[in-house]
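Participant: What follows is a structure written as structure tokens; I'll ask about it next.
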Amino acid sequence: MRAGRWWWALVAIIGASLAPAPANAQSARDWLTQAGFVDRDRATALAHIDRADQAANAALAKSPGDEEALLMQAMALGYRAKLTSSRSLVMAARKQYEALVQRFPRSAEAQAALGAWHVGVIHKVGSLVGRVLGAQKSIAYASLDRAVMLSGNRAMLIGVAGLMRLQLDPDDPTGKLLVERATRAPAPTSVDVYVRRAAIAVLAEIKAGDDKAVKRLADTLLPFGQFS
């Protein structure tokens, strides 16, 4: 099997746990999961992000301060920014994530989303250009560390924090520890199961001492890695 096929076979196996629910039963979170991990073309992913945004807005119309809906609304914006590479959307997403962290300081997912914004920008454009946009590795890691602290030991939050660190630096010691920890963490949802399996796959490459494979696999298994 050629290397490229091996990577995608692995992604397909890990992603098998994310089979979508019937369309009429999907929440904003379901639509974002579908877009970030399952969809294989940008147009379809963007359509699902739009549905997530609509679902979040509908929930906010009923309950304006709903934490889950506000988080999904911000993530839909961030996901759209990531797929379109729109600078204005990227900056708007950062403002929404920062507002969420201020409003819900004990939200592990809000902290993770803010950390992911900084990591995503740095990964795409580099540290120097990223700094112009306001992206800083120190803020990224501090936010991810807070997300892990608040995670309740969930595989998804621990594993994503580890994968993001390894995406930037495959030799990052904290990233390696978090990935190893995620392989043993509870997985109460399908996304937790996915991330735990992803952590197991990346840990195998860490143990093999293949930094290039660690970085590539971490990138591929994070949201929208199928488009990398």
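Note on naming: chains are A, B, ... as they come in the structure tokens, residues start from 1 per chain, ligands start from 1 in the order shown.
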What's around A:Val195 at 7 Å? Count only C-alpha atoms, leave out sequence neighbours fewer than 4 positions away in its own chain, and write the answer as a ChimeraX atom specification.
Facilitator: /A:155-156,159-160,191,199
Participant: Please report, as JSON lines, each residue of stretch 74-154 of chain A lying at most 9 Å from stretch 165-188 of chain A, together with the nearest pair of atoms and the separation in Å rounded to one decimal; use only C-alpha atoms, and order rows by chain and ascending residue number.
Facilitator:
```
{"residue": "A:Val119", "atom": "CA", "partner": "A:Leu168", "partner_atom": "CA", "distance": 7.5}
{"residue": "A:Ile122", "atom": "CA", "partner": "A:Leu168", "partner_atom": "CA", "distance": 8.0}
{"residue": "A:His123", "atom": "CA", "partner": "A:Leu168", "partner_atom": "CA", "distance": 6.3}
{"residue": "A:Tyr141", "atom": "CA", "partner": "A:Arg165", "partner_atom": "CA", "distance": 7.7}
{"residue": "A:Leu144", "atom": "CA", "partner": "A:Arg165", "partner_atom": "CA", "distance": 9.0}
{"residue": "A:Val148", "atom": "CA", "partner": "A:Leu178", "partner_atom": "CA", "distance": 8.8}
{"residue": "A:Asn153", "atom": "CA", "partner": "A:Ala185", "partner_atom": "CA", "distance": 6.1}
{"residue": "A:Arg154", "atom": "CA", "partner": "A:Pro186", "partner_atom": "CA", "distance": 5.4}
```
Participant: Identify, on the basis of only C-alpha atoms, every residue whose closest approach to A:Lys124 does not exceed 12 Å; exclude the query and any residue fewer than 4 positions from it along the same chain; express the result as a list in words.
Facilitator: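 Result of the neighbour search: Lys82, Leu83, Ser85, Val90, Ala116, Trp117, His118, Val119, Gly120, Leu128, Val129, Gly130, Leu133, Ala135, Gln167, Leu168, Asp219 and Ser228 of chain A.
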Participant: Take atom CA of A:Ala147 and atom CA of A:Val132 and report the distance between them in Å, one decimal.
Facilitator: 25.0 Å
Participant: Just give me the gap between atom CA of A:Ser88 and atom CA of A:Leu157 in Å, one decimal is fine.
Facilitator: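 Going from atom CA of A:Ser88 over to atom CA of A:Leu157 covers 27.3 Å.
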Participant: Name the closest residue to A:Glu68 among the candidates A:Ala108, A:Ala201, A:Met91, A:Ala45; distances are taken between atoms, counting only C-alpha atoms.
Facilitator: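 Closest to A:Glu68 of all the choices is A:Ala108.
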Participant: Rounded to one decimal in Å, what is the spacing between atom CA of A:Ala43 and atom CA of A:Met75?
Facilitator: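 Computing it gives 17.5 Å between the two atoms.
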Participant: Tell me, as a PyMOL selection string, which residues lie within 10 Å of A:Ser143, counting only C-alpha atoms; anything in the same chain fewer than 2 positions away does not count.
Facilitator: chain A and resi 101+108-116+118+137-141+145-149+161
Participant: Out of stretch 58-227 of chain A, which residues get alpha helix (DSSP H) from DSSP, as a count of residues only?
Facilitator: 131
